[in-house]
Amino acid sequence: MKSPKKKVDQKQVNSDYQWLMMQSLSKYKGQWIAISEQNIVARDESLKNVQAKVNSLNLKNIPFYLRVPTGSVTA
Amino acid sequence: MTPLSFAFFPMQVGKDTILRPMLPVILKFKHIELPTALLLDSGSDFSMLRNDVIEDYFQINISDLKKGTIDTAGIGGEVEVAWIDLKVEFSQRNFTYEETIPFQVPIKYEKNPPLCLIGRNPFFYKYRVDFRMGYTDDPALGKFIIYPETHKRDAKQFERPMKIKK
């Protein structure tokens with residue numbers, strides 16, 4: 001898979017992160033999601049598959065990636 | 001040095017909403033950048049990334065990295081890990097900070113942590129973090145604040161624990 005050569009737009013990342021905080025992520029548990037311009041543009045259990053989908057979308061900037069955990073996180 | 005303030009990230013766990021201190025960051029290795037969020041985990045000794053982040057996104061062969069074995073209580077017993085240094089950038093408004101942080105990466109997929117995280121060493125030596133879930137009487141309005149440490153106090157004024165050698 002090719003390396004992402006696009007740049008990160010910090011303003012867009014902050015805006016997408018703020019938007020993501022307002023969303024219910026229950027249906028994405030155990031999955032990686034990619035967020036671009038306040039949309040979840042790809043989702044899959046495999047980060048590789050999410051990246052492949054993102055690469056096929058020809059987005060302007062690198063999206064924000066997050067893995068949604070399945071349960072509580074306890075050390 | 002300006003402090004940065006972030007809201008806790010709400011996630012559903014069962015019927016509850018858990019608030020987590022997730023720090024939005026850009027992870028960087030050479031020319032590759034990954035915008036993501038890391039759990040700011042004051043209970044973890046070291047920082048840790050999932051191995052799919054390293055292998056799939058950054059396209060680094062884990063077998064080429066320096067290896068180690070750690071006794072990791074959080075993810076179950078002894079875990080074989082590799083080590084990698086990544087740049088971590090975080091910012092807010094017009095203020096940006098960047099640190100190089102050594103991350104552990106589990107070699108086996110099943111030993112991956114549920115979330116990528118920043119532990120104490122070395123992040124908490126460089127930044128003070130206030131977790132203020134009681135900022136108001138509504139925990140959902142809590143925030144965590146990151147202050148760059150300025151190391152103003154002279155270390156000679158303090159007694160060093162005997163066990164810690166220079």
# chains A, B, ... in the order shown; residues from 1 in each chain; ligands from 1

$ closest_atom_pairs --of "chain B" --to "chain A" --cutoff "6 Å" --atoms "only C-alpha atoms" --output "CSV"
residue,atom,partner,partner_atom,distance
B:Phe9,CA,A:Met21,CA,6.0
B:Val13,CA,A:Gly71,CA,5.4
B:Pro35,CA,A:Phe64,CA,4.9
B:Thr36,CA,A:Tyr65,CA,5.0
B:Asp56,CA,A:Lys48,CA,5.5
B:Gly74,CA,A:Ala75,CA,4.0
B:Pro114,CA,A:Pro69,CA,5.4

$ write_last_selection --atoms "C-alpha atoms" --output "PDB file, in the first residue's frame"
ATOM      1  CA  PHE B   9     -13.947  12.260  25.033  1.00  0.00           C
ATOM      2  CA  VAL B  13     -19.453   1.336  27.570  1.00  0.00           C
ATOM      3  CA  PRO B  35      -3.883  12.407  12.848  1.00  0.00           C
ATOM      4  CA  THR B  36      -5.406  10.429  15.712  1.00  0.00           C
ATOM      5  CA  ASP B  56      -0.056  -0.885   8.208  1.00  0.00           C
ATOM      6  CA  GLY B  74      -2.698  -4.014  31.855  1.00  0.00           C
ATOM      7  CA  PRO B 114      -7.591  -1.385  23.077  1.00  0.00           C
TER       8      PRO B 114
END

$ select_by_dssp --residues "chain A" --states "helix (DSSP H, G or I)" --output "list in words"
Gln10, Lys11, Gln12, Val13, Asn14, Ser15, Asp16, Tyr17, Gln18, Trp19, Leu20, Met21, Ser26, Lys27, Tyr28, Leu47, Lys48, Asn49, Val50, Gln51, Ala52, Lys53, Val54, Asn55, Ser56 and Leu57 of chain A

$ select_by_dssp --residues "chain B" --states "strand (DSSP E or B)" --output "ChimeraX atom specification"
/B:4-7,9-13,16-20,22-29,32-40,47-48,66-71,78-92,95-106,117-118,127-132,143-148

$ closest_residue --among "B:Gln104, B:Asn112, B:Ser47, B:Thr150" --to "B:Ile70" --atoms "only C-alpha atoms"
B:Gln104

$ atom_distance --atom1 "atom CA of A:Ala52" --atom2 "atom CA of B:Leu27"
19.1 Å
